[in-house]
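**Student:** query.cif is reproduced in full below (mmCIF, C-alpha atoms).
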data_input
#
loop_
_atom_site.label_atom_id
_atom_site.label_comp_id
_atom_site.auth_asym_id
_atom_site.auth_seq_id
_atom_site.Cartn_x
_atom_site.Cartn_y
_atom_site.Cartn_z
CA MET G 1 65.59 13.43 -15.44
CA SER G 2 62.03 13.91 -14.45
CA GLU G 3 62.00 17.69 -14.28
CA SER G 4 63.00 20.33 -16.77
CA ARG G 5 65.89 22.51 -15.67
CA SER G 6 64.82 25.78 -17.22
CA PHE G 7 61.42 27.33 -17.09
CA GLN G 8 60.07 30.77 -16.46
CA PRO G 9 56.76 30.35 -14.71
CA GLY G 10 54.40 33.20 -14.16
CA VAL G 11 55.94 34.11 -10.87
CA GLU G 12 54.56 37.32 -9.43
CA PRO G 13 57.03 39.81 -7.93
CA ALA G 14 55.37 39.37 -4.54
CA GLU G 15 55.97 35.64 -4.74
CA ALA G 16 59.59 36.22 -5.73
CA ARG G 17 60.05 38.57 -2.78
CA ALA G 18 58.51 36.04 -0.41
CA ALA G 19 60.80 33.34 -1.82
CA LEU G 20 63.90 35.50 -1.31
CA ASP G 21 62.77 36.36 2.22
CA ALA G 22 62.36 32.64 2.92
CA VAL G 23 65.86 31.95 1.58
CA ARG G 24 67.39 34.63 3.77
CA ALA G 25 65.41 33.51 6.83
CA ALA G 26 66.58 29.92 6.35
CA GLN G 27 70.23 30.94 5.99
CA VAL G 28 70.17 33.39 8.89
CA GLY G 29 68.39 30.75 10.97
CA VAL G 30 71.29 28.35 10.48
CA GLY G 31 73.80 30.96 11.67
CA ARG G 32 71.67 31.88 14.65
CA GLN G 33 71.17 28.30 15.75
CA LEU G 34 74.80 27.28 15.56
CA VAL G 35 76.11 26.29 18.93
CA VAL G 36 79.84 26.33 19.46
CA PRO G 37 80.33 23.83 22.30
CA ARG G 38 81.95 25.28 25.41
CA GLY G 39 85.69 24.89 25.15
CA TYR G 40 85.58 24.13 21.42
CA ASP G 41 87.70 27.12 20.40
CA ALA G 42 90.21 26.49 23.19
CA VAL G 43 90.67 22.83 22.25
CA TYR G 44 90.89 23.78 18.57
CA ALA G 45 93.59 26.34 19.41
CA LEU G 46 95.45 23.84 21.58
CA SER G 47 95.66 21.47 18.63
CA PHE G 48 97.56 24.19 16.73
CA GLY G 49 100.19 24.38 19.47
CA ILE G 50 100.50 20.60 19.72
CA PHE G 51 100.96 20.43 15.96
CA VAL G 52 103.71 23.09 16.01
CA VAL G 53 105.67 21.26 18.73
CA GLY G 54 105.11 17.86 17.10
CA ILE G 55 106.45 18.94 13.70
CA ALA G 56 109.41 20.69 15.36
CA MET G 57 110.27 17.46 17.19
CA ILE G 58 110.04 15.44 13.97
CA ASN G 59 112.36 17.91 12.23
CA ALA G 60 114.85 18.11 15.12
CA PRO G 61 118.20 16.84 13.79
CA HIS G 62 119.76 15.86 17.13
CA GLY G 63 116.91 14.32 19.05
CA GLY G 64 117.16 10.77 17.85
CA ALA G 65 114.36 8.22 17.70
CA PRO G 66 112.62 9.09 20.99
CA VAL G 67 112.14 12.73 19.95
CA MET G 68 111.00 11.68 16.50
CA VAL G 69 108.48 9.19 17.94
CA GLY G 70 107.29 11.81 20.41
CA GLY G 71 106.82 14.26 17.56
CA VAL G 72 104.82 11.78 15.50
CA ALA G 73 102.67 11.03 18.56
CA LEU G 74 101.96 14.75 19.05
CA VAL G 75 101.04 15.27 15.39
CA LEU G 76 98.70 12.26 15.56
CA ALA G 77 97.25 13.63 18.80
CA ALA G 78 96.60 16.98 17.10
CA ALA G 79 94.94 15.24 14.15
CA ALA G 80 92.82 13.10 16.48
CA THR G 81 91.84 16.21 18.43
CA LEU G 82 90.66 17.93 15.24
CA ALA G 83 88.72 14.82 14.21
CA GLY G 84 87.12 14.69 17.66
CA LEU G 85 86.20 18.38 17.44
CA MET G 86 84.56 17.75 14.10
CA ARG G 87 82.37 14.99 15.55
CA TRP G 88 81.62 17.14 18.59
CA PHE G 89 80.45 20.07 16.44
CA ARG G 90 78.40 17.86 14.14
CA ARG G 91 76.67 16.15 17.03
CA ALA G 92 75.93 19.46 18.76
CA ASN G 93 74.51 21.15 15.65
CA GLY G 94 73.40 18.61 13.09
CA TYR G 95 75.42 20.68 10.64
CA TRP G 96 79.01 20.63 9.54
CA LEU G 97 80.93 23.68 8.43
CA ALA G 98 84.37 22.93 7.07
CA GLY G 99 85.12 26.64 7.02
CA THR G 100 85.51 26.92 3.29
CA THR G 101 81.98 27.53 2.02
CA PRO G 102 81.11 31.25 2.23
CA PRO G 103 83.76 33.26 0.34
CA ARG G 104 84.76 35.77 3.06
CA ALA G 105 84.78 33.20 5.85
CA ARG G 106 86.92 31.03 3.58
CA TRP G 107 89.67 33.66 3.82
CA VAL G 108 89.67 33.34 7.59
CA ALA G 109 90.04 29.56 7.26
CA TRP G 110 92.92 30.07 4.85
CA ALA G 111 94.49 32.53 7.28
CA ALA G 112 94.34 29.87 10.00
CA GLY G 113 96.13 27.44 7.69
CA VAL G 114 98.80 30.00 6.84
CA GLU G 115 99.17 30.91 10.51
CA VAL G 116 99.84 27.28 11.45
CA GLY G 117 102.27 26.96 8.55
CA VAL G 118 104.25 30.02 9.61
CA PHE G 119 104.52 28.91 13.23
CA VAL G 120 105.34 25.33 12.24
CA PHE G 121 108.22 26.77 10.21
CA LEU G 122 109.41 29.08 13.00
CA GLY G 123 109.00 26.40 15.67
CA SER G 124 110.93 23.89 13.57
CA LEU G 125 113.66 26.44 12.87
CA ALA G 126 114.07 27.10 16.57
CA GLY G 127 113.92 23.39 17.39
CA SER G 128 116.59 22.54 14.85
CA ASP G 129 118.96 24.84 16.78
CA GLY G 130 117.92 23.30 20.08
CA ARG G 131 116.11 26.47 21.18
CA TRP G 132 113.06 24.64 22.48
CA GLY G 133 111.93 27.65 24.49
CA LEU G 134 111.32 29.49 21.24
CA THR G 135 109.51 26.45 19.85
CA ALA G 136 107.25 26.50 22.88
CA LEU G 137 106.69 30.23 22.38
CA ALA G 138 105.79 29.61 18.72
CA ALA G 139 103.30 26.96 19.86
CA VAL G 140 101.71 29.32 22.39
CA VAL G 141 101.42 32.15 19.86
CA ALA G 142 100.03 29.71 17.25
CA SER G 143 97.40 28.62 19.79
CA ILE G 144 96.43 32.19 20.65
CA GLY G 145 96.18 33.00 16.94
CA GLY G 146 94.16 29.85 16.34
CA TYR G 147 91.73 30.81 19.10
CA ALA G 148 91.30 34.32 17.69
CA LEU G 149 90.82 33.05 14.14
CA SER G 150 88.32 30.43 15.28
CA ARG G 151 86.21 33.13 16.95
CA LEU G 152 86.65 35.45 13.99
CA TRP G 153 85.58 32.78 11.54
CA LEU G 154 82.18 32.33 13.20
CA THR G 155 81.63 36.09 13.35
CA VAL G 156 82.46 36.50 9.66
CA TYR G 157 80.37 33.46 8.73
CA ARG G 158 77.29 34.76 10.55
CA ALA G 159 77.70 38.24 9.04
CA GLU G 160 78.17 36.76 5.60
CA ILE G 161 75.07 34.61 5.60
CA ARG G 162 73.05 37.50 7.08
CA GLY G 163 74.02 39.57 4.07
CA ALA G 164 73.73 36.77 1.49
CA MET Q 165 69.62 36.28 -16.99
CA SER Q 166 69.33 33.02 -15.02
CA ALA Q 167 66.09 31.10 -15.31
CA LEU Q 168 64.03 29.98 -12.37
CA ASP Q 169 64.64 26.32 -11.65
CA PRO Q 170 61.46 24.26 -11.25
CA ALA Q 171 63.33 21.65 -9.24
CA ILE Q 172 63.98 24.07 -6.41
CA HIS Q 173 61.13 26.53 -6.83
CA ALA Q 174 58.72 24.83 -4.43
CA PRO Q 175 58.93 26.48 -0.98
CA ALA Q 176 60.14 23.38 0.87
CA ARG Q 177 62.86 22.66 -1.67
CA LEU Q 178 63.93 26.29 -1.76
CA GLN Q 179 64.21 26.33 2.02
CA LEU Q 180 66.07 23.01 1.92
CA CYS Q 181 68.57 24.35 -0.63
CA ALA Q 182 68.92 27.63 1.30
CA ILE Q 183 69.89 25.74 4.46
CA LEU Q 184 72.29 23.50 2.55
CA SER Q 185 73.84 26.53 0.84
CA ALA Q 186 74.84 27.89 4.25
CA VAL Q 187 76.61 24.74 5.44
CA ASP Q 188 78.85 22.01 4.11
CA GLU Q 189 76.64 19.17 5.34
CA ALA Q 190 73.39 18.87 7.22
CA GLN Q 191 72.00 15.87 9.04
CA PHE Q 192 68.75 14.45 7.67
CA ALA Q 193 67.02 14.76 11.05
CA THR Q 194 68.07 18.40 11.41
CA LEU Q 195 66.72 19.22 7.96
CA ARG Q 196 63.47 17.40 8.70
CA ASP Q 197 62.99 19.39 11.91
CA GLU Q 198 63.88 22.70 10.26
CA LEU Q 199 61.48 22.14 7.38
CA GLY Q 200 58.76 20.72 9.63
CA VAL Q 201 58.08 17.79 7.31
CA SER Q 202 57.95 14.04 7.76
CA ASP Q 203 60.81 11.68 6.97
CA SER Q 204 59.05 10.45 3.84
CA VAL Q 205 58.36 13.94 2.49
CA LEU Q 206 61.96 14.98 3.01
CA SER Q 207 63.14 11.73 1.42
CA LYS Q 208 61.05 12.47 -1.67
CA HIS Q 209 62.49 15.97 -1.99
CA LEU Q 210 66.01 14.66 -1.54
CA ALA Q 211 65.47 11.86 -4.04
CA ALA Q 212 64.28 14.35 -6.65
CA LEU Q 213 67.22 16.68 -6.03
CA SER Q 214 69.64 13.77 -5.95
CA GLU Q 215 68.34 12.54 -9.29
CA LEU Q 216 69.24 15.93 -10.76
CA GLY Q 217 72.66 15.77 -9.17
CA TYR Q 218 71.88 18.71 -6.89
CA VAL Q 219 72.47 16.95 -3.56
CA ARG Q 220 74.69 14.18 -2.26
CA LEU Q 221 73.65 11.82 0.52
CA ARG Q 222 76.14 10.11 2.79
CA LYS Q 223 75.52 7.55 5.53
CA GLU Q 224 77.54 7.67 8.72
CA LEU Q 225 77.56 5.68 11.91
CA LEU Q 226 77.03 8.26 14.64
CA GLY Q 227 77.25 6.64 18.05
CA LYS Q 228 74.90 3.67 17.98
CA HIS Q 229 72.72 4.80 15.11
CA ARG Q 230 73.21 5.49 11.45
CA ALA Q 231 72.84 9.08 10.34
CA THR Q 232 72.35 10.46 6.85
CA TRP Q 233 74.22 13.62 5.91
CA VAL Q 234 73.16 15.77 3.00
CA SER Q 235 75.20 18.30 1.05
CA LEU Q 236 74.71 20.45 -2.03
CA THR Q 237 76.87 19.40 -4.95
CA PRO Q 238 78.66 22.09 -6.99
CA VAL Q 239 75.91 21.63 -9.61
CA GLY Q 240 73.26 22.10 -6.94
CA ARG Q 241 75.00 25.15 -5.53
CA ARG Q 242 75.16 26.72 -8.99
CA ALA Q 243 71.50 25.91 -9.61
CA PHE Q 244 70.48 27.43 -6.27
CA ASN Q 245 72.56 30.57 -6.84
CA GLY Q 246 71.11 30.86 -10.34
CA HIS Q 247 67.58 30.50 -9.00
CA VAL Q 248 68.16 33.19 -6.38
CA ALA Q 249 69.68 35.46 -9.04
CA ALA Q 250 66.61 34.88 -11.24
CA LEU Q 251 64.30 35.80 -8.36
CA ARG Q 252 66.29 39.00 -7.75
CA ALA Q 253 66.21 39.83 -11.46
CA LEU Q 254 62.47 39.30 -11.56
CA ILE Q 255 62.01 41.74 -8.68
CA ASP Q 256 64.36 44.26 -10.30
CA VAL Q 257 62.37 44.11 -13.53
CA ALA Q 258 59.10 44.50 -11.63
CA ASP Q 259 60.48 47.46 -9.68
CA ALA Q 260 61.67 49.14 -12.88
CA ALA Q 261 58.43 48.52 -14.79
CA PRO Q 262 56.17 51.16 -13.16
CA ALA Q 263 58.66 53.88 -14.02
CA ARG Q 264 58.68 52.81 -17.67
CA GLU Q 265 54.95 52.29 -17.90
CA ALA Q 266 53.85 55.42 -16.07
CA PRO Q 267 51.63 57.52 -18.36
CA ALA Q 268 52.77 60.98 -19.23
CA ALA Q 269 51.30 63.65 -16.99
CA GLU Q 270 48.57 65.67 -18.67
#
Output the structure of this file as structure tokens.

**Tutor:**
Amino acid sequence: MSESRSFQPGVEPAEARAALDAVRAAQVGVGRQLVVPRGYDAVYALSFGIFVVGIAMINAPHGGAPVMVGGVALVLAAAATLAGLMRWFRRANGYWLAGTTPPRARWVAWAAGVEVGVFVFLGSLAGSDGRWGLTALAAVVASIGGYALSRLWLTVYRAEIRGA
Amino acid sequence: MSALDPAIHAPARLQLCAILSAVDEAQFATLRDELGVSDSVLSKHLAALSELGYVRLRKELLGKHRATWVSLTPVGRRAFNGHVAALRALIDVADAAPAREAPAAE
């Protein structure tokens, strides 16, 4: 290592204040510059619904191979959609936010995961009884929740780095 | 009390770490533009931080060109947070000092 890790230079309080101001300005600047591409949240939310239906089809006991294959195709489509969204966001911003970095925003990301899990369970339960209307309803509600959580995440993230 | 870290004390490196602390990954070109430095200057900063294990660099094919993505490692994140805490502590001490050192009124 070329540089010592611990030193206590004669840093003046004014210099320390300026350094902290620069840190905050840099962090707030990132949040302010972030561009969520038009339609990003909607496509993200749609992937939730596709995932719910896909898993329900895979778990359906009476559908046979065509339903199973259709379910696998939908799950792969949802995964490909999320991967595409990731590239889209990275290209638009030059940054990537996985959703798990600032502590409070991380809870929103976890909530989105739990939300998908709950509706995957409910959608699969309904699908196993052949009540596909309820599966579709679970997918729609999962999508609406996904949209809301996606918007909420950005709001919490920006507020969090403003107050960092 | 955390100590100030010389590796990230310089303004450009502090700004670099501050940006990286707010994201999971940042593209090299975005960092260069944000910092207003040349490719070579940014490369030198990143090489120094990488040597300390503070940042990780990853190459990715983005469209037709290759992009470099930079992220803070857990070690780097801890070092940055410690540095910021040390700056805050320094200010707190300075703010408290006048009250302690004020001469008694005659």

**Student:** Please work out which residues fall within 6 Å of (75.0, 17.5, -9.8), coordinates as given in the file, with all atoms listed in the file counting, and return them as JSON, numbers by chain.

**Tutor:** {"Q": [217, 218, 237, 239, 240]}

**Student:** Near segment 93-100 of chain G, counting all atoms listed in the file, which residues have an atom at most 9 Å away, once you skip same-chain residues fewer than 5 positions from it, shown as a ChimeraX atom specification?

**Tutor:** /G:30,33-36,86-88,105-110,153-154,157 /Q:186-195,233

**Student:** For the residues in that selection, give me C-alpha atoms as a PDB file, in the frame of the given file.

**Tutor:**
ATOM      1  CA  VAL G  30      71.290  28.350  10.480  1.00  0.00           C
ATOM      2  CA  GLN G  33      71.170  28.300  15.750  1.00  0.00           C
ATOM      3  CA  LEU G  34      74.800  27.280  15.560  1.00  0.00           C
ATOM      4  CA  VAL G  35      76.110  26.290  18.930  1.00  0.00           C
ATOM      5  CA  VAL G  36      79.840  26.330  19.460  1.00  0.00           C
ATOM      6  CA  MET G  86      84.560  17.750  14.100  1.00  0.00           C
ATOM      7  CA  ARG G  87      82.370  14.990  15.550  1.00  0.00           C
ATOM      8  CA  TRP G  88      81.620  17.140  18.590  1.00  0.00           C
ATOM      9  CA  ALA G 105      84.780  33.200   5.850  1.00  0.00           C
ATOM     10  CA  ARG G 106      86.920  31.030   3.580  1.00  0.00           C
ATOM     11  CA  TRP G 107      89.670  33.660   3.820  1.00  0.00           C
ATOM     12  CA  VAL G 108      89.670  33.340   7.590  1.00  0.00           C
ATOM     13  CA  ALA G 109      90.040  29.560   7.260  1.00  0.00           C
ATOM     14  CA  TRP G 110      92.920  30.070   4.850  1.00  0.00           C
ATOM     15  CA  TRP G 153      85.580  32.780  11.540  1.00  0.00           C
ATOM     16  CA  LEU G 154      82.180  32.330  13.200  1.00  0.00           C
ATOM     17  CA  TYR G 157      80.370  33.460   8.730  1.00  0.00           C
TER      18      TYR G 157
ATOM     19  CA  ALA Q 186      74.840  27.890   4.250  1.00  0.00           C
ATOM     20  CA  VAL Q 187      76.610  24.740   5.440  1.00  0.00           C
ATOM     21  CA  ASP Q 188      78.850  22.010   4.110  1.00  0.00           C
ATOM     22  CA  GLU Q 189      76.640  19.170   5.340  1.00  0.00           C
ATOM     23  CA  ALA Q 190      73.390  18.870   7.220  1.00  0.00           C
ATOM     24  CA  GLN Q 191      72.000  15.870   9.040  1.00  0.00           C
ATOM     25  CA  PHE Q 192      68.750  14.450   7.670  1.00  0.00           C
ATOM     26  CA  ALA Q 193      67.020  14.760  11.050  1.00  0.00           C
ATOM     27  CA  THR Q 194      68.070  18.400  11.410  1.00  0.00           C
ATOM     28  CA  LEU Q 195      66.720  19.220   7.960  1.00  0.00           C
ATOM     29  CA  TRP Q 233      74.220  13.620   5.910  1.00  0.00           C
TER      30      TRP Q 233
END

**Student:** Running the PyMOL selection byres ((chain Q) within 9 of (chain G)) on this model by hand, what would come out? Give it as a ChimeraX atom specification.

**Tutor:** /Q:166-171,173,175,178-195,198,212,215-216,226,233,243,248,251-252,254-259

**Student:** What does the distance from atom CA of Ala111 of chain G to atom CA of Arg241 of chain Q come to in Å, to one decimal?

**Tutor:**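 Atom CA of Arg241 of chain Q lies 24.5 Å from atom CA of Ala111 of chain G.
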
**Student:** Quick one: distance from atom CA of Leu210 of chain Q to atom CA of Ala174 of chain Q in Å, one decimal?

**Tutor:**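 So the answer is 12.8 Å.
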
**Student:** I'd like to know which of G:Arg131, G:Ile50, G:Pro61, G:Ala92 is closest to Leu74 of chain G, using only C-alpha atoms.

**Tutor:**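 Closest to Leu74 of chain G of all the choices is G:Ile50.
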
**Student:** Using all atoms listed in the file, which protein or nucleic acid residues come within 9 Å of Asp129 of chain G? Drop anything in the same chain fewer than 4 positions from it, and give the result as a VMD selection string.

**Tutor:** chain G and resid 60 to 61 124 to 125

**Student:** List, as a PDB file with C-alpha atoms, in the coordinates of the input, every residue that the PyMOL selection byres ((chain G and resi 57) around 10) selects in the file provided.

**Tutor:**
ATOM      1  CA  PHE G  51     100.960  20.430  15.960  1.00  0.00           C
ATOM      2  CA  VAL G  52     103.710  23.090  16.010  1.00  0.00           C
ATOM      3  CA  VAL G  53     105.670  21.260  18.730  1.00  0.00           C
ATOM      4  CA  GLY G  54     105.110  17.860  17.100  1.00  0.00           C
ATOM      5  CA  ILE G  55     106.450  18.940  13.700  1.00  0.00           C
ATOM      6  CA  ALA G  56     109.410  20.690  15.360  1.00  0.00           C
ATOM      7  CA  ILE G  58     110.040  15.440  13.970  1.00  0.00           C
ATOM      8  CA  ASN G  59     112.360  17.910  12.230  1.00  0.00           C
ATOM      9  CA  ALA G  60     114.850  18.110  15.120  1.00  0.00           C
ATOM     10  CA  PRO G  61     118.200  16.840  13.790  1.00  0.00           C
ATOM     11  CA  HIS G  62     119.760  15.860  17.130  1.00  0.00           C
ATOM     12  CA  GLY G  63     116.910  14.320  19.050  1.00  0.00           C
ATOM     13  CA  GLY G  64     117.160  10.770  17.850  1.00  0.00           C
ATOM     14  CA  PRO G  66     112.620   9.090  20.990  1.00  0.00           C
ATOM     15  CA  VAL G  67     112.140  12.730  19.950  1.00  0.00           C
ATOM     16  CA  MET G  68     111.000  11.680  16.500  1.00  0.00           C
ATOM     17  CA  VAL G  69     108.480   9.190  17.940  1.00  0.00           C
ATOM     18  CA  GLY G  70     107.290  11.810  20.410  1.00  0.00           C
ATOM     19  CA  GLY G  71     106.820  14.260  17.560  1.00  0.00           C
ATOM     20  CA  VAL G  72     104.820  11.780  15.500  1.00  0.00           C
ATOM     21  CA  LEU G  74     101.960  14.750  19.050  1.00  0.00           C
ATOM     22  CA  VAL G  75     101.040  15.270  15.390  1.00  0.00           C
ATOM     23  CA  GLY G 123     109.000  26.400  15.670  1.00  0.00           C
ATOM     24  CA  SER G 124     110.930  23.890  13.570  1.00  0.00           C
ATOM     25  CA  GLY G 127     113.920  23.390  17.390  1.00  0.00           C
ATOM     26  CA  SER G 128     116.590  22.540  14.850  1.00  0.00           C
ATOM     27  CA  TRP G 132     113.060  24.640  22.480  1.00  0.00           C
ATOM     28  CA  THR G 135     109.510  26.450  19.850  1.00  0.00           C
TER      29      THR G 135
END

**Student:** Can you tell me how far atom CA of Tyr44 of chain G sits from atom CA of Gly227 of chain Q, in Å to one decimal?

**Tutor:** 21.9 Å

**Student:** In the coordinate frame of the file, compute which residues have an atom within 12 Å of (87.3, 25.2, 19.8) when using all atoms listed in the file, and state them as a PyMOL selection string.

**Tutor:** chain G and resi 35-48+81-86+88-89+143-144+146-154
